[in-house]
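Novice: What follows is work_37.cif; its format and atoms are mmCIF, N, CA and C atoms.
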data_run
#
loop_
_atom_site.label_atom_id
_atom_site.label_comp_id
_atom_site.auth_asym_id
_atom_site.auth_seq_id
_atom_site.Cartn_x
_atom_site.Cartn_y
_atom_site.Cartn_z
N MET K 7 44.57 139.13 120.64
CA MET K 7 44.88 138.20 119.62
C MET K 7 46.31 137.69 119.75
N LEU K 8 46.44 136.41 119.59
CA LEU K 8 47.76 135.80 119.64
C LEU K 8 48.36 135.74 118.24
N ARG K 9 49.54 136.15 118.18
CA ARG K 9 50.25 136.05 116.89
C ARG K 9 51.31 134.97 117.01
N LEU K 10 51.33 134.10 116.04
CA LEU K 10 52.35 133.06 116.01
C LEU K 10 53.53 133.55 115.17
N ARG K 11 54.66 133.37 115.72
CA ARG K 11 55.86 133.75 114.97
C ARG K 11 56.49 132.49 114.39
N LEU K 12 56.75 132.50 113.14
CA LEU K 12 57.45 131.38 112.51
C LEU K 12 58.95 131.64 112.61
N GLN K 13 59.61 130.64 113.09
CA GLN K 13 61.06 130.77 113.23
C GLN K 13 61.74 130.16 112.01
N HIS K 14 62.77 130.81 111.57
CA HIS K 14 63.56 130.32 110.44
C HIS K 14 64.97 130.02 110.94
N GLY K 15 65.57 128.96 110.42
CA GLY K 15 66.94 128.63 110.81
C GLY K 15 66.98 127.34 111.61
N PHE K 16 68.16 127.11 112.21
CA PHE K 16 68.39 125.88 112.95
C PHE K 16 68.68 126.20 114.41
N THR K 17 68.35 125.27 115.27
CA THR K 17 68.70 125.43 116.67
C THR K 17 70.13 124.96 116.88
N LEU K 18 70.67 125.32 118.01
CA LEU K 18 72.05 124.92 118.32
C LEU K 18 72.15 123.40 118.43
N ILE K 19 71.16 122.76 118.98
CA ILE K 19 71.16 121.29 119.11
C ILE K 19 71.19 120.63 117.74
N GLU K 20 70.40 121.12 116.82
CA GLU K 20 70.38 120.55 115.46
C GLU K 20 71.73 120.70 114.79
N MET K 21 72.36 121.85 114.97
CA MET K 21 73.68 122.08 114.39
C MET K 21 74.72 121.13 115.01
N MET K 22 74.66 120.93 116.32
CA MET K 22 75.60 120.04 116.99
C MET K 22 75.42 118.59 116.54
N ILE K 23 74.20 118.16 116.30
CA ILE K 23 73.94 116.81 115.81
C ILE K 23 74.55 116.62 114.42
N VAL K 24 74.36 117.59 113.56
CA VAL K 24 74.91 117.52 112.20
C VAL K 24 76.44 117.49 112.25
N ILE K 25 77.04 118.32 113.09
CA ILE K 25 78.50 118.34 113.21
C ILE K 25 79.01 117.00 113.75
N ALA K 26 78.30 116.42 114.71
CA ALA K 26 78.70 115.13 115.26
C ALA K 26 78.63 114.04 114.19
N ILE K 27 77.59 114.04 113.38
CA ILE K 27 77.45 113.05 112.31
C ILE K 27 78.57 113.20 111.28
N ILE K 28 78.88 114.43 110.91
CA ILE K 28 79.96 114.68 109.95
C ILE K 28 81.29 114.21 110.53
N GLY K 29 81.51 114.45 111.83
CA GLY K 29 82.74 114.02 112.48
C GLY K 29 82.89 112.51 112.48
N ILE K 30 81.80 111.81 112.73
CA ILE K 30 81.85 110.34 112.74
C ILE K 30 82.14 109.81 111.34
N ILE K 31 81.50 110.37 110.34
CA ILE K 31 81.74 109.94 108.95
C ILE K 31 83.19 110.22 108.56
N ALA K 32 83.69 111.40 108.92
CA ALA K 32 85.07 111.76 108.58
C ALA K 32 86.08 110.85 109.27
N ALA K 33 85.77 110.43 110.49
CA ALA K 33 86.68 109.56 111.23
C ALA K 33 86.88 108.22 110.52
N PHE K 34 85.87 107.77 109.80
CA PHE K 34 85.99 106.51 109.05
C PHE K 34 86.52 106.75 107.64
N ALA K 35 86.15 107.85 107.03
CA ALA K 35 86.51 108.09 105.63
C ALA K 35 87.96 108.55 105.45
N TYR K 36 88.48 109.39 106.32
CA TYR K 36 89.80 109.96 106.13
C TYR K 36 90.92 108.92 106.10
N PRO K 37 90.99 107.98 107.03
CA PRO K 37 92.05 106.96 106.95
C PRO K 37 91.97 106.14 105.66
N SER K 38 90.77 105.85 105.21
CA SER K 38 90.61 105.12 103.96
C SER K 38 91.12 105.94 102.78
N TYR K 39 90.84 107.23 102.80
CA TYR K 39 91.32 108.14 101.75
C TYR K 39 92.84 108.19 101.74
N VAL K 40 93.46 108.32 102.90
CA VAL K 40 94.92 108.40 102.99
C VAL K 40 95.55 107.12 102.47
N GLU K 41 94.98 105.98 102.82
CA GLU K 41 95.51 104.70 102.34
C GLU K 41 95.39 104.58 100.82
N GLN K 42 94.30 105.06 100.27
CA GLN K 42 94.12 105.02 98.82
C GLN K 42 95.14 105.90 98.10
N VAL K 43 95.44 107.06 98.68
CA VAL K 43 96.45 107.94 98.10
C VAL K 43 97.82 107.26 98.14
N ARG K 44 98.14 106.60 99.25
CA ARG K 44 99.41 105.88 99.34
C ARG K 44 99.50 104.79 98.28
N LYS K 45 98.42 104.05 98.10
CA LYS K 45 98.41 102.99 97.10
C LYS K 45 98.65 103.55 95.70
N SER K 46 98.06 104.69 95.41
CA SER K 46 98.24 105.27 94.07
C SER K 46 99.66 105.78 93.87
N LYS K 47 100.30 106.26 94.93
CA LYS K 47 101.67 106.76 94.81
C LYS K 47 102.71 105.65 94.68
N ARG K 48 102.32 104.41 95.00
CA ARG K 48 103.25 103.28 94.83
C ARG K 48 103.63 103.09 93.37
N SER K 49 102.77 103.49 92.47
CA SER K 49 103.06 103.35 91.04
C SER K 49 104.28 104.17 90.65
N ASP K 50 104.58 105.22 91.39
CA ASP K 50 105.76 106.03 91.13
C ASP K 50 107.03 105.18 91.22
N ALA K 51 107.12 104.34 92.23
CA ALA K 51 108.29 103.45 92.38
C ALA K 51 108.33 102.42 91.27
N LYS K 52 107.18 101.84 90.97
CA LYS K 52 107.13 100.80 89.94
C LYS K 52 107.55 101.33 88.57
N ILE K 53 107.06 102.50 88.23
CA ILE K 53 107.40 103.11 86.93
C ILE K 53 108.90 103.41 86.87
N ALA K 54 109.44 104.00 87.93
CA ALA K 54 110.87 104.34 87.95
C ALA K 54 111.74 103.09 87.80
N LEU K 55 111.39 102.04 88.52
CA LEU K 55 112.18 100.80 88.43
C LEU K 55 112.12 100.21 87.03
N GLN K 56 110.95 100.22 86.42
CA GLN K 56 110.82 99.66 85.08
C GLN K 56 111.55 100.50 84.03
N GLN K 57 111.56 101.81 84.20
CA GLN K 57 112.32 102.67 83.27
C GLN K 57 113.81 102.39 83.35
N ILE K 58 114.32 102.24 84.57
CA ILE K 58 115.75 101.97 84.74
C ILE K 58 116.07 100.56 84.23
N ALA K 59 115.17 99.62 84.43
CA ALA K 59 115.38 98.26 83.91
C ALA K 59 115.48 98.29 82.39
N GLN K 60 114.68 99.11 81.74
CA GLN K 60 114.78 99.23 80.28
C GLN K 60 116.14 99.79 79.87
N ARG K 61 116.63 100.77 80.63
CA ARG K 61 117.96 101.32 80.33
C ARG K 61 119.04 100.26 80.55
N GLN K 62 118.87 99.45 81.59
CA GLN K 62 119.84 98.38 81.84
C GLN K 62 119.87 97.39 80.67
N GLU K 63 118.70 97.03 80.17
CA GLU K 63 118.64 96.09 79.04
C GLU K 63 119.28 96.70 77.80
N SER K 64 119.04 97.97 77.58
CA SER K 64 119.66 98.66 76.43
C SER K 64 121.19 98.69 76.59
N HIS K 65 121.65 98.97 77.81
CA HIS K 65 123.09 98.98 78.09
C HIS K 65 123.68 97.59 77.88
N PHE K 66 122.95 96.56 78.27
CA PHE K 66 123.43 95.19 78.09
C PHE K 66 123.58 94.84 76.61
N ILE K 67 122.63 95.26 75.80
CA ILE K 67 122.69 94.99 74.37
C ILE K 67 123.91 95.65 73.73
N LYS K 68 124.21 96.87 74.15
CA LYS K 68 125.35 97.61 73.58
C LYS K 68 126.70 97.16 74.12
N ASN K 69 126.75 96.80 75.41
CA ASN K 69 128.03 96.53 76.08
C ASN K 69 128.22 95.10 76.55
N TYR K 70 127.25 94.25 76.34
CA TYR K 70 127.31 92.85 76.78
C TYR K 70 127.51 92.72 78.30
N ALA K 71 127.08 93.75 79.03
CA ALA K 71 127.16 93.73 80.50
C ALA K 71 126.17 94.76 81.04
N TYR K 72 125.65 94.49 82.21
CA TYR K 72 124.77 95.46 82.88
C TYR K 72 125.61 96.54 83.53
N ALA K 73 125.04 97.71 83.68
CA ALA K 73 125.73 98.82 84.33
C ALA K 73 125.74 98.60 85.83
N ALA K 74 126.86 98.94 86.45
CA ALA K 74 127.00 98.76 87.90
C ALA K 74 126.44 99.92 88.69
N SER K 75 126.16 101.03 88.02
CA SER K 75 125.65 102.21 88.73
C SER K 75 124.69 102.98 87.82
N LEU K 76 123.94 103.87 88.43
CA LEU K 76 123.02 104.69 87.64
C LEU K 76 123.75 105.73 86.81
N THR K 77 124.91 106.18 87.28
CA THR K 77 125.69 107.14 86.48
C THR K 77 126.16 106.50 85.18
N ALA K 78 126.42 105.21 85.19
CA ALA K 78 126.82 104.51 83.97
C ALA K 78 125.66 104.43 82.97
N LEU K 79 124.45 104.60 83.46
CA LEU K 79 123.28 104.60 82.59
C LEU K 79 122.90 106.00 82.11
N GLY K 80 123.68 107.01 82.53
CA GLY K 80 123.42 108.37 82.09
C GLY K 80 122.70 109.25 83.10
N TYR K 81 122.48 108.75 84.30
CA TYR K 81 121.85 109.56 85.34
C TYR K 81 122.89 110.42 86.03
N ALA K 82 122.46 111.47 86.69
CA ALA K 82 123.38 112.42 87.32
C ALA K 82 124.04 111.87 88.59
N ALA K 83 123.38 110.93 89.26
CA ALA K 83 123.92 110.40 90.52
C ALA K 83 123.58 108.91 90.62
N ASP K 84 124.14 108.27 91.62
CA ASP K 84 123.87 106.85 91.82
C ASP K 84 122.61 106.60 92.64
N THR K 85 122.06 107.63 93.23
CA THR K 85 120.76 107.58 93.89
C THR K 85 119.93 108.70 93.28
N ILE K 86 118.82 108.31 92.66
CA ILE K 86 118.00 109.32 91.98
C ILE K 86 116.57 109.28 92.51
N PRO K 87 115.87 110.41 92.42
CA PRO K 87 114.46 110.40 92.83
C PRO K 87 113.59 109.80 91.73
N SER K 88 112.48 109.22 92.14
CA SER K 88 111.49 108.74 91.17
C SER K 88 110.84 109.95 90.50
N PRO K 89 110.09 109.75 89.42
CA PRO K 89 109.51 110.88 88.70
C PRO K 89 108.69 111.84 89.57
N GLU K 90 107.98 111.34 90.55
CA GLU K 90 107.17 112.20 91.43
C GLU K 90 107.88 112.49 92.75
N ASP K 91 109.12 112.07 92.88
CA ASP K 91 109.96 112.30 94.06
C ASP K 91 109.39 111.67 95.34
N ASN K 92 108.68 110.57 95.19
CA ASN K 92 108.18 109.85 96.36
C ASN K 92 109.15 108.77 96.81
N TYR K 93 110.06 108.35 95.93
CA TYR K 93 110.99 107.26 96.22
C TYR K 93 112.39 107.63 95.76
N GLN K 94 113.38 106.99 96.39
CA GLN K 94 114.77 107.09 95.98
C GLN K 94 115.14 105.76 95.33
N ILE K 95 115.72 105.82 94.15
CA ILE K 95 116.05 104.62 93.38
C ILE K 95 117.56 104.42 93.39
N THR K 96 117.98 103.17 93.63
CA THR K 96 119.40 102.82 93.61
C THR K 96 119.59 101.48 92.92
N VAL K 97 120.82 101.25 92.45
CA VAL K 97 121.21 99.92 91.99
C VAL K 97 121.74 99.23 93.24
N ASN K 98 120.99 98.27 93.71
CA ASN K 98 121.32 97.61 94.98
C ASN K 98 122.49 96.64 94.81
N ALA K 99 122.50 95.90 93.73
CA ALA K 99 123.58 94.96 93.45
C ALA K 99 123.67 94.81 91.94
N ALA K 100 124.89 94.78 91.42
CA ALA K 100 125.05 94.63 89.97
C ALA K 100 126.35 93.93 89.66
N THR K 101 126.27 93.04 88.67
CA THR K 101 127.44 92.40 88.09
C THR K 101 127.29 92.54 86.59
N ALA K 102 128.19 91.94 85.85
CA ALA K 102 128.09 92.00 84.39
C ALA K 102 126.85 91.27 83.89
N THR K 103 126.38 90.29 84.65
CA THR K 103 125.25 89.47 84.18
C THR K 103 123.97 89.61 85.01
N SER K 104 123.97 90.46 86.02
CA SER K 104 122.76 90.63 86.82
C SER K 104 122.73 92.00 87.48
N TYR K 105 121.55 92.39 87.91
CA TYR K 105 121.40 93.64 88.67
C TYR K 105 120.13 93.53 89.51
N THR K 106 120.08 94.33 90.54
CA THR K 106 118.88 94.49 91.37
C THR K 106 118.70 95.97 91.64
N LEU K 107 117.53 96.47 91.30
CA LEU K 107 117.18 97.86 91.54
C LEU K 107 116.29 97.94 92.77
N GLN K 108 116.42 99.01 93.54
CA GLN K 108 115.60 99.16 94.74
C GLN K 108 115.03 100.56 94.83
N ALA K 109 113.78 100.63 95.26
CA ALA K 109 113.10 101.90 95.52
C ALA K 109 112.68 101.94 96.98
N THR K 110 113.13 102.98 97.67
CA THR K 110 112.73 103.19 99.06
C THR K 110 112.11 104.57 99.18
N PRO K 111 111.18 104.77 100.09
CA PRO K 111 110.51 106.07 100.21
C PRO K 111 111.48 107.21 100.51
N THR K 112 111.24 108.34 99.89
CA THR K 112 112.03 109.53 100.14
C THR K 112 111.74 110.04 101.55
N THR K 113 112.78 110.43 102.26
CA THR K 113 112.62 110.97 103.61
C THR K 113 111.76 112.23 103.54
N GLY K 114 110.73 112.27 104.37
CA GLY K 114 109.85 113.43 104.41
C GLY K 114 108.64 113.33 103.49
N SER K 115 108.61 112.31 102.63
CA SER K 115 107.45 112.16 101.74
C SER K 115 106.35 111.40 102.47
N SER K 116 105.15 111.49 101.95
CA SER K 116 104.03 110.79 102.57
C SER K 116 104.20 109.27 102.47
N GLN K 117 104.98 108.82 101.50
CA GLN K 117 105.20 107.38 101.34
C GLN K 117 106.09 106.81 102.45
N GLU K 118 106.77 107.66 103.17
CA GLU K 118 107.61 107.20 104.26
C GLU K 118 106.77 106.51 105.35
N LYS K 119 105.50 106.86 105.42
CA LYS K 119 104.59 106.25 106.41
C LYS K 119 103.87 105.02 105.87
N ASP K 120 104.21 104.61 104.65
CA ASP K 120 103.58 103.43 104.04
C ASP K 120 104.24 102.18 104.60
N SER K 121 103.70 101.66 105.69
CA SER K 121 104.31 100.51 106.34
C SER K 121 103.99 99.20 105.63
N LYS K 122 102.96 99.18 104.79
CA LYS K 122 102.57 97.95 104.09
C LYS K 122 103.49 97.65 102.91
N CYS K 123 103.99 98.66 102.25
CA CYS K 123 104.88 98.50 101.09
C CYS K 123 106.04 99.47 101.24
N ALA K 124 107.00 99.12 102.07
CA ALA K 124 108.08 100.03 102.41
C ALA K 124 109.21 100.06 101.39
N SER K 125 109.38 98.98 100.62
CA SER K 125 110.43 98.98 99.59
C SER K 125 110.04 98.08 98.43
N PHE K 126 110.56 98.43 97.27
CA PHE K 126 110.30 97.67 96.04
C PHE K 126 111.63 97.32 95.41
N THR K 127 111.74 96.10 94.88
CA THR K 127 112.94 95.73 94.12
C THR K 127 112.53 95.06 92.82
N LEU K 128 113.40 95.22 91.84
CA LEU K 128 113.21 94.61 90.51
C LEU K 128 114.59 94.15 90.06
N ASP K 129 114.68 92.91 89.58
CA ASP K 129 115.99 92.41 89.15
C ASP K 129 116.04 92.14 87.65
N HIS K 130 117.19 91.66 87.20
CA HIS K 130 117.44 91.42 85.77
C HIS K 130 116.52 90.36 85.17
N MET K 131 115.95 89.51 85.98
CA MET K 131 115.03 88.48 85.50
C MET K 131 113.57 88.96 85.51
N GLY K 132 113.35 90.19 85.92
CA GLY K 132 112.00 90.72 85.99
C GLY K 132 111.27 90.35 87.27
N ARG K 133 111.99 89.77 88.22
CA ARG K 133 111.37 89.39 89.49
C ARG K 133 111.10 90.63 90.32
N ARG K 134 109.88 90.73 90.77
CA ARG K 134 109.44 91.88 91.55
C ARG K 134 109.23 91.45 93.00
N VAL K 135 109.78 92.23 93.91
CA VAL K 135 109.61 91.94 95.33
C VAL K 135 109.28 93.24 96.04
N ALA K 136 108.34 93.17 96.95
CA ALA K 136 108.02 94.30 97.82
C ALA K 136 108.04 93.80 99.26
N LYS K 137 108.53 94.65 100.14
CA LYS K 137 108.56 94.28 101.55
C LYS K 137 107.90 95.37 102.38
N ASP K 138 107.31 94.93 103.50
CA ASP K 138 106.71 95.91 104.41
C ASP K 138 107.80 96.48 105.31
N SER K 139 107.43 97.36 106.22
CA SER K 139 108.43 98.03 107.06
C SER K 139 109.15 97.07 108.00
N GLY K 140 108.60 95.89 108.23
CA GLY K 140 109.26 94.88 109.06
C GLY K 140 110.15 93.94 108.27
N GLY K 141 110.24 94.13 106.95
CA GLY K 141 111.07 93.28 106.11
C GLY K 141 110.37 92.02 105.62
N VAL K 142 109.07 91.92 105.89
CA VAL K 142 108.30 90.76 105.46
C VAL K 142 107.87 90.97 104.01
N VAL K 143 108.01 89.94 103.19
CA VAL K 143 107.64 90.04 101.78
C VAL K 143 106.14 90.28 101.66
N ALA K 144 105.78 91.32 100.88
CA ALA K 144 104.38 91.69 100.67
C ALA K 144 104.13 91.94 99.19
N THR K 145 104.77 91.14 98.34
CA THR K 145 104.73 91.35 96.89
C THR K 145 103.30 91.30 96.35
N ASP K 146 102.50 90.34 96.80
CA ASP K 146 101.14 90.20 96.27
C ASP K 146 100.30 91.44 96.51
N LYS K 147 100.49 92.10 97.64
CA LYS K 147 99.70 93.30 97.95
C LYS K 147 100.22 94.55 97.23
N CYS K 148 101.50 94.59 96.97
CA CYS K 148 102.13 95.83 96.50
C CYS K 148 102.37 95.91 95.00
N TRP K 149 102.66 94.81 94.34
CA TRP K 149 103.01 94.84 92.92
C TRP K 149 101.85 94.48 92.00
N HIS K 150 100.65 94.37 92.46
CA HIS K 150 99.53 93.97 91.59
C HIS K 150 99.10 95.08 90.66
#
Kindly present the structure from the file in structure tokens form.
Specialist:
Amino acid sequence: MLRLRLQHGFTLIEMMIVIAIIGIIAAFAYPSYVEQVRKSKRSDAKIALQQIAQRQESHFIKNYAYAASLTALGYAADTIPSPEDNYQITVNAATATSYTLQATPTTGSSQEKDSKCASFTLDHMGRRVAKDSGGVVATDKCWH
């Protein structure tokens, strides 16, 4: 009499096919995921710039002039980290009647590799500008 044995489990070929399919899916999904994380971290720069702009406006109301440095606004230094420490914020240019704030990626942060939106600026008129790593204006992609 012949006895049939039922096999349970997977063959090595079936396992290799599944691993190959997962690898192909991951190759497409991971870069998209990384880009989405970078886009979400850009809000850190925007929030920091807007908070400092509010302090500048408050300083202007009290002193009839904008502050020339972040220390004049009550910060510990003239270059400060953003709330999530993804960007460094500075007063790029300031006079009694105008200012420009700038956010650049913190060295060593994941945002340092964000070539599409490498820097953000906000001025006293509320004008928002973003530039890519080549210095080309990319405001529409970055400040939306």
Novice: Identify all residues of chain K in strand (DSSP E or B) (DSSP on the backbone) and supply them as a PyMOL selection string.
Specialist: chain K and resi 85-87+93-100+105-111+125-129+134-137+143
Novice: Which is closest to Glu90 (chain K) among K:Thr145, K:Thr17, K:Ser139, K:Thr112, if we use only C-alpha atoms?
Specialist: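 Closest to Glu90 (chain K), using only C-alpha atoms: K:Thr112.
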Novice: Within 7 Å of region 63-79 of chain K, counting only N, CA and C atoms, which residues qualify if same-chain residues fewer than 4 places away don't, as a PDB file with N, CA and C atoms, in the frame of the given file?
Specialist:
ATOM      1  N   ILE K  58     114.320 102.240  84.570  1.00  0.00           N
ATOM      2  CA  ILE K  58     115.750 101.970  84.740  1.00  0.00           C
ATOM      3  C   ILE K  58     116.070 100.560  84.230  1.00  0.00           C
ATOM      4  N   ALA K  59     115.170  99.620  84.430  1.00  0.00           N
ATOM      5  CA  ALA K  59     115.380  98.260  83.910  1.00  0.00           C
ATOM      6  C   ALA K  59     115.480  98.290  82.390  1.00  0.00           C
ATOM      7  N   ALA K  83     123.380 110.930  89.260  1.00  0.00           N
ATOM      8  CA  ALA K  83     123.920 110.400  90.520  1.00  0.00           C
ATOM      9  C   ALA K  83     123.580 108.910  90.620  1.00  0.00           C
ATOM     10  N   ASP K  84     124.140 108.270  91.620  1.00  0.00           N
ATOM     11  CA  ASP K  84     123.870 106.850  91.820  1.00  0.00           C
ATOM     12  C   ASP K  84     122.610 106.600  92.640  1.00  0.00           C
ATOM     13  N   THR K  85     122.060 107.630  93.230  1.00  0.00           N
ATOM     14  CA  THR K  85     120.760 107.580  93.890  1.00  0.00           C
ATOM     15  C   THR K  85     119.930 108.700  93.280  1.00  0.00           C
ATOM     16  N   THR K  96     117.980 103.170  93.630  1.00  0.00           N
ATOM     17  CA  THR K  96     119.400 102.820  93.610  1.00  0.00           C
ATOM     18  C   THR K  96     119.590 101.480  92.920  1.00  0.00           C
ATOM     19  N   VAL K  97     120.820 101.250  92.450  1.00  0.00           N
ATOM     20  CA  VAL K  97     121.210  99.920  91.990  1.00  0.00           C
ATOM     21  C   VAL K  97     121.740  99.230  93.240  1.00  0.00           C
ATOM     22  N   ALA K  99     122.500  95.900  93.730  1.00  0.00           N
ATOM     23  CA  ALA K  99     123.580  94.960  93.450  1.00  0.00           C
ATOM     24  C   ALA K  99     123.670  94.810  91.940  1.00  0.00           C
ATOM     25  N   ALA K 100     124.890  94.780  91.420  1.00  0.00           N
ATOM     26  CA  ALA K 100     125.050  94.630  89.970  1.00  0.00           C
ATOM     27  C   ALA K 100     126.350  93.930  89.660  1.00  0.00           C
ATOM     28  N   THR K 101     126.270  93.040  88.670  1.00  0.00           N
ATOM     29  CA  THR K 101     127.440  92.400  88.090  1.00  0.00           C
ATOM     30  C   THR K 101     127.290  92.540  86.590  1.00  0.00           C
ATOM     31  N   ALA K 102     128.190  91.940  85.850  1.00  0.00           N
ATOM     32  CA  ALA K 102     128.090  92.000  84.390  1.00  0.00           C
ATOM     33  C   ALA K 102     126.850  91.270  83.890  1.00  0.00           C
ATOM     34  N   THR K 103     126.380  90.290  84.650  1.00  0.00           N
ATOM     35  CA  THR K 103     125.250  89.470  84.180  1.00  0.00           C
ATOM     36  C   THR K 103     123.970  89.610  85.010  1.00  0.00           C
ATOM     37  N   SER K 104     123.970  90.460  86.020  1.00  0.00           N
ATOM     38  CA  SER K 104     122.760  90.630  86.820  1.00  0.00           C
ATOM     39  C   SER K 104     122.730  92.000  87.480  1.00  0.00           C
ATOM     40  N   TYR K 105     121.550  92.390  87.910  1.00  0.00           N
ATOM     41  CA  TYR K 105     121.400  93.640  88.670  1.00  0.00           C
ATOM     42  C   TYR K 105     120.130  93.530  89.510  1.00  0.00           C
TER      43      TYR K 105
END
Novice: Residues proximal to (106.0, 112.0, 98.7) were defined as those with any atom within 6 Å of that point in the file's coordinates, counting all atoms listed in the file. Which are they, as a ChimeraX atom specification?
Specialist: /K:91-92,114-117
Novice: So which residues of region 10-148 of chain K fall under helix (DSSP H, G or I) by DSSP, listed as number ranges by chain?
Specialist: K: 18-69, 77-79, 116-119, 145-148
Novice: With the PyMOL selection byres (((chain K and resi 94 and name CA) around 6) and name CA) as the selection, what would be picked from this file? Answer as a PyMOL selection string, please.
Specialist: chain K and resi 86-87+93+95+109-110+112
Novice: Report the distance between atom C of Val43 (chain K) and CA of Ser88 (chain K) in Å, rounded to one decimal place.
Specialist: 15.4 Å
Novice: Calculate how many Å separate CA of Leu128 (chain K) from CA of Gln62 (chain K), rounding to one decimal.
Specialist: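 Interatomic distance, CA of Leu128 (chain K) to CA of Gln62 (chain K): 11.5 Å.
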Novice: At what distance in Å, to one decimal, does CA of Gln42 (chain K) lie from CA of Lys137 (chain K)?
Specialist: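 One can read the CA of Lys137 (chain K) to CA of Gln42 (chain K) distance as 18.2 Å.
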Novice: Give the answer as one residue: which of K:Ala51, K:Val142, K:Ala33, K:Leu10 has the shortest atom-to-atom distance to Phe126 (chain K), using all atoms listed in the file?
Specialist: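 So, comparing all the options, the nearest one is K:Ala51.
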Novice: Closest to Gln57 (chain K) among K:Val143, K:Leu107, K:Met131, K:Ala136, using only C-alpha atoms?
Specialist: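 Among K:Val143, K:Leu107, K:Met131, K:Ala136, it is K:Leu107 that comes nearest to Gln57 (chain K).
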Novice: Please determine, counting only C-alpha atoms, which residue among K:Leu55, K:Ala32, K:Ala124, K:Ala82 has the shortest atom-to-atom distance to Cys148 (chain K).
Specialist: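 Nearest candidate to Cys148 (chain K) out of K:Leu55, K:Ala32, K:Ala124, K:Ala82: K:Ala124.
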